[in-house]
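Trainee: The file below is run-v1.tsv, TSV, C-alpha atoms and all ligand atoms:
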chain	number	residue	atom	x	y	z
A	1	MET	CA	212.72	43.09	222.38
A	2	TRP	CA	213.32	44.20	225.92
A	3	ASP	CA	209.68	43.88	226.89
A	4	PHE	CA	210.41	40.73	228.87
A	5	ALA	CA	212.56	42.86	231.15
A	6	GLY	CA	209.45	44.72	232.22
A	7	ARG	CA	207.77	47.86	231.05
A	8	ASP	CA	208.66	51.22	232.54
A	9	THR	CA	206.99	51.52	235.91
A	10	ALA	CA	206.20	54.63	237.94
A	11	ILE	CA	205.29	54.29	241.61
A	12	ASP	CA	203.89	56.86	244.03
A	13	LEU	CA	204.24	55.38	247.51
A	14	GLY	CA	201.80	57.60	249.35
A	15	SER	CA	201.06	57.39	253.06
A	16	ALA	CA	197.38	56.87	252.25
A	17	THR	CA	197.37	55.52	248.70
A	18	VAL	CA	199.91	53.67	246.58
A	19	ARG	CA	199.65	54.35	242.89
A	20	MET	CA	201.39	52.66	240.03
A	21	HIS	CA	201.60	53.53	236.35
A	22	VAL	CA	202.84	51.00	233.80
A	23	GLU	CA	203.95	51.96	230.31
A	24	LYS	CA	201.15	51.42	227.76
A	25	ASP	CA	198.58	50.46	230.45
A	26	GLY	CA	198.30	53.75	232.34
A	27	VAL	CA	197.52	53.91	236.03
A	28	VAL	CA	196.99	50.26	237.00
A	29	CYS	CA	196.82	50.54	240.77
A	30	ARG	CA	195.32	52.90	243.34
A	31	GLU	CA	195.21	50.97	246.58
A	32	PRO	CA	195.13	52.05	250.22
A	33	SER	CA	198.66	51.85	251.68
A	34	LEU	CA	197.86	48.96	253.98
A	35	LEU	CA	199.40	45.54	254.39
A	36	ALA	CA	197.89	42.56	256.19
A	37	ARG	CA	200.42	40.74	258.33
A	38	SER	CA	199.91	37.45	260.15
A	39	ARG	CA	200.53	37.80	263.88
A	40	GLN	CA	201.58	34.18	264.13
A	41	THR	CA	204.03	33.83	261.26
A	42	GLY	CA	204.88	37.47	260.66
A	43	ARG	CA	204.29	36.97	256.95
A	44	ILE	CA	202.68	39.65	254.83
A	45	LEU	CA	199.51	38.35	253.23
A	46	ALA	CA	197.81	41.07	251.22
A	47	LEU	CA	197.87	44.67	250.07
A	48	GLY	CA	195.24	47.40	250.01
A	49	THR	CA	191.51	46.73	250.10
A	50	PRO	CA	191.90	42.92	250.32
A	51	ALA	CA	194.21	43.47	253.30
A	52	ARG	CA	191.59	45.57	255.04
A	53	GLU	CA	188.90	42.96	254.41
A	54	MET	CA	191.17	40.19	255.62
A	55	ALA	CA	191.87	42.07	258.87
A	56	GLY	CA	188.14	42.48	259.49
A	57	ARG	CA	187.49	38.75	259.21
A	58	ASN	CA	190.58	37.08	260.61
A	59	PRO	CA	191.80	37.78	264.18
A	60	ASP	CA	195.30	36.53	263.28
A	61	VAL	CA	195.76	39.41	260.84
A	62	THR	CA	197.00	42.88	261.79
A	63	LEU	CA	197.06	45.86	259.50
A	64	VAL	CA	200.33	47.71	259.05
A	65	ARG	CA	201.01	50.98	257.28
A	66	PRO	CA	204.17	50.42	255.23
A	67	ILE	CA	204.58	54.11	254.36
A	68	ARG	CA	204.56	56.97	256.81
A	69	GLU	CA	205.36	60.53	255.92
A	70	GLY	CA	206.16	59.38	252.42
A	71	ALA	CA	208.90	56.95	253.43
A	72	PRO	CA	209.05	53.20	254.11
A	73	THR	CA	208.69	52.36	257.79
A	74	GLU	CA	210.17	48.87	257.52
A	75	THR	CA	212.39	47.79	254.66
A	76	ASP	CA	210.86	44.33	254.36
A	77	GLU	CA	207.35	45.75	254.14
A	78	ALA	CA	208.35	48.26	251.50
A	79	GLU	CA	210.14	45.54	249.58
A	80	TRP	CA	207.13	43.23	249.71
A	81	LEU	CA	204.92	46.09	248.56
A	82	MET	CA	207.15	47.00	245.62
A	83	ARG	CA	207.69	43.42	244.53
A	84	ARG	CA	203.98	42.73	244.72
A	85	LEU	CA	203.20	45.81	242.61
A	86	VAL	CA	205.86	45.04	240.02
A	87	ARG	CA	205.01	41.36	239.65
A	88	HIS	CA	201.28	41.73	239.74
A	89	HIS	CA	201.22	44.12	236.82
A	90	HIS	CA	203.74	42.50	234.52
A	91	ARG	CA	202.91	39.55	232.33
A	92	LYS	CA	206.20	37.69	232.72
A	93	HIS	CA	206.05	38.61	236.35
A	94	TYR	CA	208.69	36.34	237.81
A	95	MET	CA	211.46	37.88	235.73
A	96	ALA	CA	210.20	41.43	235.48
A	97	ARG	CA	213.10	43.84	235.87
A	98	PRO	CA	211.59	47.17	234.90
A	99	ARG	CA	213.03	50.63	235.04
A	100	VAL	CA	211.34	52.17	238.06
A	101	VAL	CA	210.76	55.79	238.90
A	102	ALA	CA	209.41	56.57	242.34
A	103	THR	CA	208.17	59.87	243.71
A	104	VAL	CA	209.74	60.91	247.01
A	105	PRO	CA	209.15	63.79	249.42
A	106	SER	CA	211.47	66.64	248.48
A	107	GLY	CA	212.80	66.66	252.04
A	108	MET	CA	213.52	62.94	252.22
A	109	THR	CA	216.22	61.90	254.72
A	110	PRO	CA	219.20	59.72	253.68
A	111	VAL	CA	217.91	56.90	255.88
A	112	HIS	CA	214.56	56.78	254.12
A	113	TYR	CA	216.28	57.19	250.82
A	114	ARG	CA	218.41	54.09	251.40
A	115	ALA	CA	215.40	52.08	252.60
A	116	LEU	CA	213.54	52.92	249.41
A	117	GLN	CA	216.55	52.21	247.23
A	118	PHE	CA	217.08	48.82	248.88
A	119	ALA	CA	213.41	47.91	248.57
A	120	ALA	CA	213.25	48.85	244.89
A	121	TYR	CA	216.29	46.86	243.86
A	122	GLN	CA	215.20	43.85	245.91
A	123	ALA	CA	211.84	44.07	244.21
A	124	GLY	CA	213.53	43.73	240.83
A	125	ALA	CA	214.05	47.28	239.60
A	126	ARG	CA	216.95	47.30	237.15
A	127	ARG	CA	217.24	51.05	237.30
A	128	LEU	CA	215.79	53.47	239.85
A	129	THR	CA	215.07	57.15	239.48
A	130	LEU	CA	213.69	59.21	242.35
A	131	VAL	CA	211.69	62.34	241.61
A	132	PRO	CA	210.62	64.85	244.29
A	133	ALA	CA	206.83	64.93	244.46
A	134	PRO	CA	206.38	68.64	243.55
A	135	ILE	CA	208.39	68.17	240.33
A	136	ALA	CA	206.51	64.98	239.47
A	137	ALA	CA	203.15	66.66	240.08
A	138	ALA	CA	204.12	69.71	237.98
A	139	ILE	CA	205.17	67.48	235.08
A	140	GLY	CA	202.03	65.38	235.49
A	141	MET	CA	199.82	68.43	235.15
A	142	GLY	CA	201.71	69.66	232.09
A	143	MET	CA	202.93	72.77	233.91
A	144	THR	CA	206.47	72.32	232.64
A	145	SER	CA	205.65	71.78	228.97
A	146	ALA	CA	206.77	74.19	226.27
A	147	GLY	CA	204.88	77.45	226.14
A	148	ARG	CA	203.97	77.43	229.82
A	149	PRO	CA	205.39	79.96	232.31
A	150	GLU	CA	209.01	79.30	233.28
A	151	VAL	CA	208.07	79.25	236.96
A	152	ALA	CA	205.68	76.79	238.59
A	153	VAL	CA	204.74	76.42	242.24
A	154	VAL	CA	203.20	73.19	243.46
A	155	ALA	CA	201.90	72.42	246.94
A	156	ASN	CA	201.23	68.70	247.19
A	157	ILE	CA	199.00	68.20	250.23
A	158	GLY	CA	198.61	64.50	250.89
A	159	ALA	CA	197.76	62.45	253.94
A	160	ASP	CA	200.95	62.78	256.01
A	161	LEU	CA	202.89	65.45	254.16
A	162	THR	CA	202.63	68.88	252.66
A	163	ASP	CA	205.38	69.19	250.09
A	164	VAL	CA	205.88	72.57	248.48
A	165	GLY	CA	208.26	73.16	245.61
A	166	VAL	CA	209.16	76.11	243.40
A	167	ILE	CA	210.28	75.02	239.95
A	168	ALA	CA	211.99	77.63	237.82
A	169	PHE	CA	213.56	77.13	234.42
A	170	GLY	CA	213.28	73.38	234.73
A	171	GLY	CA	214.83	72.89	238.13
A	172	LEU	CA	213.62	72.68	241.71
A	173	VAL	CA	214.74	76.04	243.17
A	174	THR	CA	213.44	75.62	246.70
A	175	SER	CA	211.20	73.20	248.48
A	176	HIS	CA	209.83	72.54	251.91
A	177	THR	CA	208.28	69.41	253.37
A	178	ALA	CA	206.16	69.52	256.52
A	179	ALA	CA	204.61	66.58	258.36
A	180	VAL	CA	201.02	67.79	258.11
A	181	GLY	CA	198.15	66.82	255.83
A	182	GLY	CA	194.83	65.00	255.76
A	183	SER	CA	195.65	62.51	258.49
A	184	ALA	CA	196.59	65.31	260.90
A	185	MET	CA	193.07	66.67	260.29
A	186	ASP	CA	191.58	63.24	260.99
A	187	ARG	CA	193.51	63.02	264.27
A	188	ALA	CA	192.35	66.51	265.23
A	189	ILE	CA	188.72	65.47	264.64
A	190	VAL	CA	189.23	62.37	266.83
A	191	GLN	CA	190.62	64.57	269.63
A	192	LEU	CA	187.81	67.10	269.42
A	193	VAL	CA	185.07	64.47	269.55
A	194	ARG	CA	186.72	62.77	272.49
A	195	ARG	CA	187.09	66.05	274.35
A	196	GLU	CA	183.67	67.49	273.65
A	197	GLN	CA	181.44	64.45	273.35
A	198	GLY	CA	183.32	61.74	275.24
A	199	VAL	CA	183.36	59.39	272.27
A	200	ALA	CA	186.43	57.67	270.85
A	201	LEU	CA	186.31	57.60	267.05
A	202	SER	CA	188.50	55.58	264.72
A	203	ALA	CA	190.68	57.56	262.33
A	204	ALA	CA	188.63	56.10	259.48
A	205	ALA	CA	185.37	57.44	260.97
A	206	ALA	CA	186.96	60.85	261.45
A	207	GLU	CA	188.15	60.83	257.83
A	208	GLN	CA	184.67	59.88	256.65
A	209	ALA	CA	183.19	62.86	258.51
A	210	LYS	CA	185.85	65.14	257.02
A	211	LEU	CA	185.09	63.92	253.50
A	212	GLU	CA	181.35	64.27	253.98
A	213	VAL	CA	181.02	67.63	255.72
A	214	GLY	CA	184.53	69.06	255.95
A	215	ALA	CA	185.24	72.55	254.64
A	216	VAL	CA	187.56	75.42	255.41
A	217	PRO	CA	186.03	78.30	257.41
A	218	PRO	CA	184.26	80.59	256.73
A	219	LEU	CA	181.59	78.77	254.80
A	220	GLY	CA	180.71	81.57	252.39
A	221	ARG	CA	177.85	80.55	250.17
A	222	ARG	CA	178.13	76.84	250.95
A	223	THR	CA	175.52	75.43	253.29
A	224	ALA	CA	176.50	73.73	256.54
A	225	ALA	CA	175.98	70.00	256.55
A	226	GLN	CA	175.96	67.29	259.14
A	227	THR	CA	176.77	63.62	259.31
A	228	VAL	CA	176.51	60.78	261.79
A	229	VAL	CA	179.50	58.66	262.75
A	230	THR	CA	179.80	55.82	265.23
A	231	GLY	CA	182.43	55.51	267.93
A	232	ARG	CA	182.88	54.11	271.38
A	233	ASP	CA	181.57	55.91	274.44
A	234	VAL	CA	184.62	56.51	276.61
A	235	SER	CA	182.83	56.06	279.96
A	236	SER	CA	180.49	53.15	279.20
A	237	GLY	CA	182.62	51.43	276.55
A	238	LEU	CA	179.53	50.93	274.40
A	239	PRO	CA	179.05	52.03	270.79
A	240	ARG	CA	177.53	55.48	270.40
A	241	GLN	CA	176.58	57.63	267.46
A	242	VAL	CA	177.57	61.27	267.28
A	243	VAL	CA	176.38	63.99	264.97
A	244	LEU	CA	179.16	66.09	263.45
A	245	THR	CA	178.49	69.33	261.64
A	246	THR	CA	180.64	71.34	259.26
A	247	ALA	CA	181.27	73.77	262.14
A	248	ASP	CA	182.61	70.94	264.35
A	249	VAL	CA	185.00	69.79	261.66
A	250	GLN	CA	186.09	73.36	261.00
A	251	ARG	CA	186.90	73.91	264.65
A	252	ALA	CA	188.88	70.69	264.78
A	253	ILE	CA	190.99	71.25	261.69
A	254	GLU	CA	192.00	74.84	262.42
A	255	ALA	CA	195.42	73.91	263.81
A	256	PRO	CA	196.45	71.54	260.98
A	257	LEU	CA	195.21	74.12	258.46
A	258	ALA	CA	197.43	76.77	260.03
A	259	ARG	CA	200.40	74.41	259.74
A	260	ILE	CA	199.64	73.76	256.07
A	261	ILE	CA	199.59	77.51	255.42
A	262	GLU	CA	202.86	77.87	257.32
A	263	ALA	CA	204.42	75.10	255.22
A	264	ILE	CA	203.40	76.83	251.99
A	265	ARG	CA	204.87	80.11	253.21
A	266	ALA	CA	208.10	78.34	254.16
A	267	GLY	CA	208.27	76.73	250.73
A	268	LEU	CA	208.13	80.11	249.01
A	269	THR	CA	210.62	82.04	251.08
A	270	GLY	CA	213.79	80.39	249.78
A	271	CYS	CA	213.78	81.65	246.21
A	272	GLY	CA	215.72	84.62	244.91
A	273	PRO	CA	214.18	87.93	243.89
A	274	GLU	CA	214.09	87.08	240.17
A	275	VAL	CA	211.82	84.12	240.80
A	276	SER	CA	209.91	85.76	243.67
A	277	GLY	CA	208.62	88.40	241.27
A	278	ASP	CA	207.09	85.70	239.08
A	279	LEU	CA	205.36	83.94	241.97
A	280	LEU	CA	202.64	86.60	242.08
A	281	SER	CA	201.66	86.02	238.49
A	282	VAL	CA	201.83	82.21	238.45
A	283	GLY	CA	200.31	81.48	241.87
A	284	VAL	CA	200.27	78.11	243.63
A	285	THR	CA	198.81	74.95	242.16
A	286	LEU	CA	197.47	72.49	244.72
A	287	THR	CA	197.66	68.72	244.31
A	288	GLY	CA	197.25	65.71	246.59
A	289	GLY	CA	193.98	64.43	248.01
A	290	CYS	CA	193.75	67.08	250.70
A	291	ALA	CA	193.79	69.86	248.09
A	292	ARG	CA	190.17	68.96	247.38
A	293	LEU	CA	189.02	70.14	250.80
A	294	PRO	CA	186.43	72.78	249.89
A	295	GLY	CA	187.68	76.31	250.49
A	296	LEU	CA	191.35	75.43	250.96
A	297	ASP	CA	192.37	77.32	247.81
A	298	ARG	CA	190.57	80.42	249.10
A	299	LEU	CA	192.24	80.22	252.50
A	300	ILE	CA	195.66	80.00	250.84
A	301	ARG	CA	194.85	83.01	248.67
A	302	GLU	CA	193.88	84.99	251.75
A	303	ARG	CA	196.70	84.00	254.05
A	304	VAL	CA	199.61	83.55	251.66
A	305	GLY	CA	198.64	86.30	249.26
A	306	LEU	CA	199.16	84.24	246.10
A	307	ALA	CA	196.58	83.01	243.66
A	308	ALA	CA	195.86	79.35	244.44
A	309	ARG	CA	194.04	76.86	242.27
A	310	VAL	CA	193.29	73.19	242.62
A	311	GLY	CA	195.16	71.27	239.93
A	312	ASP	CA	193.65	68.74	237.59
A	313	GLU	CA	194.13	65.10	238.57
A	314	THR	CA	194.98	66.08	242.16
A	315	GLY	CA	195.49	62.43	243.08
A	316	ASP	CA	197.22	60.98	240.03
A	317	ALA	CA	199.32	64.00	239.03
A	318	ALA	CA	202.50	62.80	240.74
A	319	VAL	CA	202.44	59.27	239.35
A	320	LEU	CA	201.57	60.54	235.85
A	321	GLY	CA	204.49	62.97	236.01
A	322	ALA	CA	206.82	60.24	237.22
A	323	ALA	CA	205.79	58.12	234.25
A	324	GLU	CA	206.47	61.06	231.95
A	325	VAL	CA	210.03	61.29	233.32
A	326	LEU	CA	210.76	57.79	232.04
A	327	ARG	CA	209.13	58.47	228.70
A	328	SER	CA	211.29	61.50	228.12
A	329	ALA	CA	214.44	59.69	229.28
A	330	GLY	CA	213.96	57.48	226.20
A	331	SER	CA	215.05	53.90	225.80
A	332	GLU	CA	218.34	52.68	227.08
A	333	GLU	CA	220.95	50.14	226.10
A	334	PRO	CA	221.12	47.69	228.95
A	335	SER	CA	224.66	46.97	230.02
A	336	ALA	CA	226.46	44.71	232.44
A	337	ARG	CA	226.90	47.60	234.85
A	338	ASP	CA	223.14	47.62	235.45
A	339	SER	CA	223.43	45.00	238.16
A	340	SER	CA	224.45	47.60	240.73
A	341	PRO	CA	223.26	50.96	239.46
A	342	ARG	CA	223.05	53.90	241.76
A	343	PRO	CA	219.65	55.57	241.79
A	344	GLN	CA	219.43	58.91	240.18
A	345	VAL	CA	217.66	61.73	241.96
A	346	LEU	CA	216.07	63.97	239.42
A	347	THR	CA	215.64	67.57	240.46
A	348	THR	CA	215.31	68.91	236.95
A	349	VAL	CA	212.62	68.55	234.34
A	350	PRO	CA	214.15	66.37	231.59
A	351	ASP	CA	212.67	68.37	228.70
A	352	TYR	CA	214.48	71.48	229.82
A	353	MET	CA	217.86	69.87	229.36
A	354	PRO	CA	218.39	68.60	225.83
A	355	GLU	CA	221.98	67.71	226.71
A	356	TYR	CA	220.80	65.67	229.68
A	357	GLN	CA	222.34	62.19	229.47
A	358	PRO	CA	221.35	59.74	232.16
A	359	GLU	CA	224.39	57.69	233.19
A	360	TYR	CA	223.51	54.05	232.83
A	401	LIG	N1	187.57	65.43	248.68
A	401	LIG	C1	188.45	65.48	249.70
A	401	LIG	N2	188.36	66.45	250.63
A	401	LIG	C2	189.24	66.50	251.65
A	401	LIG	N3	190.22	65.63	251.84
A	401	LIG	C3	190.36	64.63	250.95
A	401	LIG	C4	189.48	64.50	249.83
A	401	LIG	N4	189.88	63.40	249.13
A	401	LIG	C5	190.93	62.89	249.77
A	401	LIG	N5	191.22	63.62	250.87
A	401	LIG	C6	192.30	63.36	251.83
A	401	LIG	O1	193.52	63.35	251.15
A	401	LIG	C7	194.42	62.45	251.81
A	401	LIG	C8	195.00	61.49	250.80
A	401	LIG	O2	195.66	62.22	249.82
A	401	LIG	P1	196.76	61.53	248.88
A	401	LIG	O3	196.19	60.33	248.22
A	401	LIG	O4	197.33	62.61	248.04
A	401	LIG	O5	197.81	61.08	249.99
A	401	LIG	P2	199.13	60.24	249.80
A	401	LIG	O6	199.80	60.61	248.52
A	401	LIG	O7	198.83	58.80	250.00
A	401	LIG	O8	199.95	60.76	251.07
A	401	LIG	P3	201.37	61.50	251.16
A	401	LIG	O9	201.62	62.18	249.86
A	401	LIG	O10	201.22	62.45	252.31
A	401	LIG	O11	202.35	60.42	251.47
A	401	LIG	C9	193.63	61.73	252.87
A	401	LIG	O12	193.92	62.30	254.13
A	401	LIG	C10	192.18	62.01	252.49
A	401	LIG	O13	191.34	62.06	253.61
A	402	MG	MG	201.32	61.79	247.84
What would you get if you wrote out this structure as structure tokens?
Mentor:
Amino acid sequence: MWDFAGRDTAIDLGSATVRMHVEKDGVVCREPSLLARSRQTGRILALGTPAREMAGRNPDVTLVRPIREGAPTETDEAEWLMRRLVRHHHRKHYMARPRVVATVPSGMTPVHYRALQFAAYQAGARRLTLVPAPIAAAIGMGMTSAGRPEVAVVANIGADLTDVGVIAFGGLVTSHTAAVGGSAMDRAIVQLVRREQGVALSAAAAEQAKLEVGAVPPLGRRTAAQTVVTGRDVSSGLPRQVVLTTADVQRAIEAPLARIIEAIRAGLTGCGPEVSGDLLSVGVTLTGGCARLPGLDRLIRERVGLAARVGDETGDAAVLGAAEVLRSAGSEEPSARDSSPRPQVLTTVPDYMPEYQPEY
């Protein structure tokens, strides 16, 4: 009966990728976090891949990143993005007022929090729940289901952020968010190529090289590879191709890697001795796109001293877990008070709390 109000919607506003999950349909959107904005009118024209194509063809269009470090940069951009996602994927789109759950960095600031809240309600959410990314990812990978260990450690290594959380007995015990991830690696590659070869690369070219030949040192049994990317010669201003090998990428990404390791250490230090004892047996589960960098799990094992494994669904885990939060919250009786609900920040796994009653 309430379907016209919109089906439960889970959104992961990533700095690199926005993902959305709609009840019954599954993950309906995985788009690059890019908006096309008209220079002349200031209007936002498109989202994701179409936005990128539009910017390549039309000089009036600039690309903007609406999400940085997991938080909206401009409220109007975030609002446009959310409204577009909600309307596009609901049949009665103009009146869709779904329950929305969004993943947020565990160290989100109150300013970002309010920007996201404002954007979600403007976009039509009738109820908003915010879930820290490590909890969402743990739920999404089934690490919190019955019969699993009571302690779970998740390091979500995305594009802008590394977000580490320790979940014990259904609640987030400690967490740490650091502004380092895949895009810091891309920037480091750009700097190295400029310094050593005198060629300015775009961040996209650097990312492509990282995806093709990137790996964490030492190589072990993997063979070194090389790739060719095109940039702009700094002195002549003309296009030039450069060859990048695995060793080049490894040299470039050393510093960001060290900061990722540091972030994981910092995320583990806050828990009490009861939980600390369990960390050794459960280890760290890695999610986020950057977790797929070959050898990263080994480096974490060596430098942090905990078993590390790459989770399943590294990319979708957080949005799947966010969707699961709404499923377990059950259906609600809409009431008049819903017009100005306060968002709920969920730092516990719903299944662990049978007495848990969301206040509507
Ligand atoms: N196979 C891979 N190897 C190495 N890095 C990868 C791989 N696949 C994706 N990445 C990197 O992962 C990052 C994107 O990850 P993800 O989609 O989790 O980010 P996000 O959720 O949008 O960002 P954030 O959570 O930081 O806001 C990019 O920097 C991308 O280059
Ligand atoms: Mg993410």
Trainee: Throw together the list of residues within 6 Å of ligand LIG 401 (chain A), counting all atoms listed in the file, and drop it here as a PyMOL selection string.
Mentor: chain A and resi 14-17+69-70+158-161+182-183+207+211+288-290+292-293+315
Trainee: Which value, in Å to one decimal, gives the distance between atom CA of Ile189 of chain A and atom CA of Ala204 of chain A?
Mentor: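 Answer for the atom CA of Ile189 of chain A to atom CA of Ala204 of chain A separation: 10.7 Å.
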Trainee: Which residues are near Ala206 of chain A? Cut-off 6 Å, all atoms listed in the file, ignore same chain within fewer than 3 positions. Put them as a list of chain:residue names.
Mentor: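 Those residues are A:Asp186, A:Ile189, A:Ala203, A:Ala209.
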Trainee: Using only C-alpha atoms, collect all residues at a distance of at most 12 Å from (207.2, 79.8, 248.8) as written in the file, then present them as JSON, numbers by chain.
Mentor: {"A": [151, 152, 153, 154, 155, 163, 164, 165, 166, 167, 172, 173, 174, 175, 176, 177, 261, 262, 263, 264, 265, 266, 267, 268, 269, 270, 271, 272, 273, 275, 276, 277, 278, 279, 280, 282, 283, 284, 285, 300, 304, 305, 306]}
Trainee: Write out as a ChimeraX atom specification which residues come within 6 Å of segment 317-322 of chain A when counting all atoms listed in the file, dropping same-chain ones fewer than 5 positions away.
Mentor: /A:10,12,136-137,139-141
Trainee: Would you export the selected residues with C-alpha atoms as a PDB file, keeping the file's coordinate frame, please?
Mentor:
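Saved result, part39.pdb, follows:
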ATOM      1  CA  ALA A  10     206.200  54.630 237.940  1.00  0.00           C
ATOM      2  CA  ASP A  12     203.890  56.860 244.030  1.00  0.00           C
ATOM      3  CA  ALA A 136     206.510  64.980 239.470  1.00  0.00           C
ATOM      4  CA  ALA A 137     203.150  66.660 240.080  1.00  0.00           C
ATOM      5  CA  ILE A 139     205.170  67.480 235.080  1.00  0.00           C
ATOM      6  CA  GLY A 140     202.030  65.380 235.490  1.00  0.00           C
ATOM      7  CA  MET A 141     199.820  68.430 235.150  1.00  0.00           C
TER       8      MET A 141
END
Trainee: Could you please determine the separation between atom CA of Val229 of chain A and atom CA of Lys210 of chain A in Å, to one decimal place?
Mentor: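 Spanning atom CA of Val229 of chain A to atom CA of Lys210 of chain A is a straight-line distance of 10.7 Å.
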Trainee: If I take atom CA of Gly231 of chain A and atom CA of Val193 of chain A, how far is one from the other in Å, to one decimal?
Mentor: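 A separation of 9.5 Å between them.
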Trainee: Provide segment 166-178 of chain A rebuilt to N, CA, C and O atoms, formatted as a short mmCIF file (atom, residue, chain, number, x, y, z; two decimals), in the coordinates of the input.
Mentor:
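So result_0.cif came out as:
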data_model
loop_
_atom_site.label_atom_id
_atom_site.label_comp_id
_atom_site.auth_asym_id
_atom_site.auth_seq_id
_atom_site.Cartn_x
_atom_site.Cartn_y
_atom_site.Cartn_z
N VAL A 166 209.16 75.07 244.43
CA VAL A 166 209.16 76.11 243.40
C VAL A 166 210.07 75.61 242.28
O VAL A 166 211.25 75.31 242.52
N ILE A 167 209.51 75.50 241.10
CA ILE A 167 210.28 75.02 239.95
C ILE A 167 210.48 76.18 239.01
O ILE A 167 209.51 76.81 238.58
N ALA A 168 211.73 76.53 238.73
CA ALA A 168 211.99 77.63 237.82
C ALA A 168 212.98 77.19 236.77
O ALA A 168 213.99 76.55 237.09
N PHE A 169 212.69 77.47 235.54
CA PHE A 169 213.56 77.13 234.42
C PHE A 169 213.99 75.67 234.49
O PHE A 169 215.14 75.33 234.29
N GLY A 170 213.03 74.82 234.80
CA GLY A 170 213.28 73.38 234.73
C GLY A 170 213.93 72.75 235.94
O GLY A 170 214.18 71.55 235.94
N GLY A 171 214.20 73.51 236.97
CA GLY A 171 214.83 72.89 238.13
C GLY A 171 214.09 73.25 239.41
O GLY A 171 213.41 74.28 239.49
N LEU A 172 214.24 72.41 240.43
CA LEU A 172 213.62 72.68 241.71
C LEU A 172 214.47 73.73 242.43
O LEU A 172 215.60 73.46 242.82
N VAL A 173 213.95 74.96 242.57
CA VAL A 173 214.74 76.04 243.17
C VAL A 173 214.73 75.93 244.69
O VAL A 173 215.76 75.96 245.34
N THR A 174 213.54 75.84 245.25
CA THR A 174 213.44 75.62 246.70
C THR A 174 212.29 74.68 246.95
O THR A 174 211.39 74.53 246.12
N SER A 175 212.33 74.05 248.11
CA SER A 175 211.20 73.20 248.48
C SER A 175 211.14 73.12 250.00
O SER A 175 212.11 73.46 250.69
N HIS A 176 210.00 72.70 250.47
CA HIS A 176 209.83 72.54 251.91
C HIS A 176 208.83 71.42 252.15
O HIS A 176 207.78 71.38 251.52
N THR A 177 209.18 70.51 253.04
CA THR A 177 208.28 69.41 253.37
C THR A 177 207.90 69.52 254.84
O THR A 177 208.77 69.65 255.69
N ALA A 178 206.61 69.47 255.13
CA ALA A 178 206.16 69.52 256.52
C ALA A 178 205.27 68.32 256.79
O ALA A 178 204.52 67.89 255.92
#
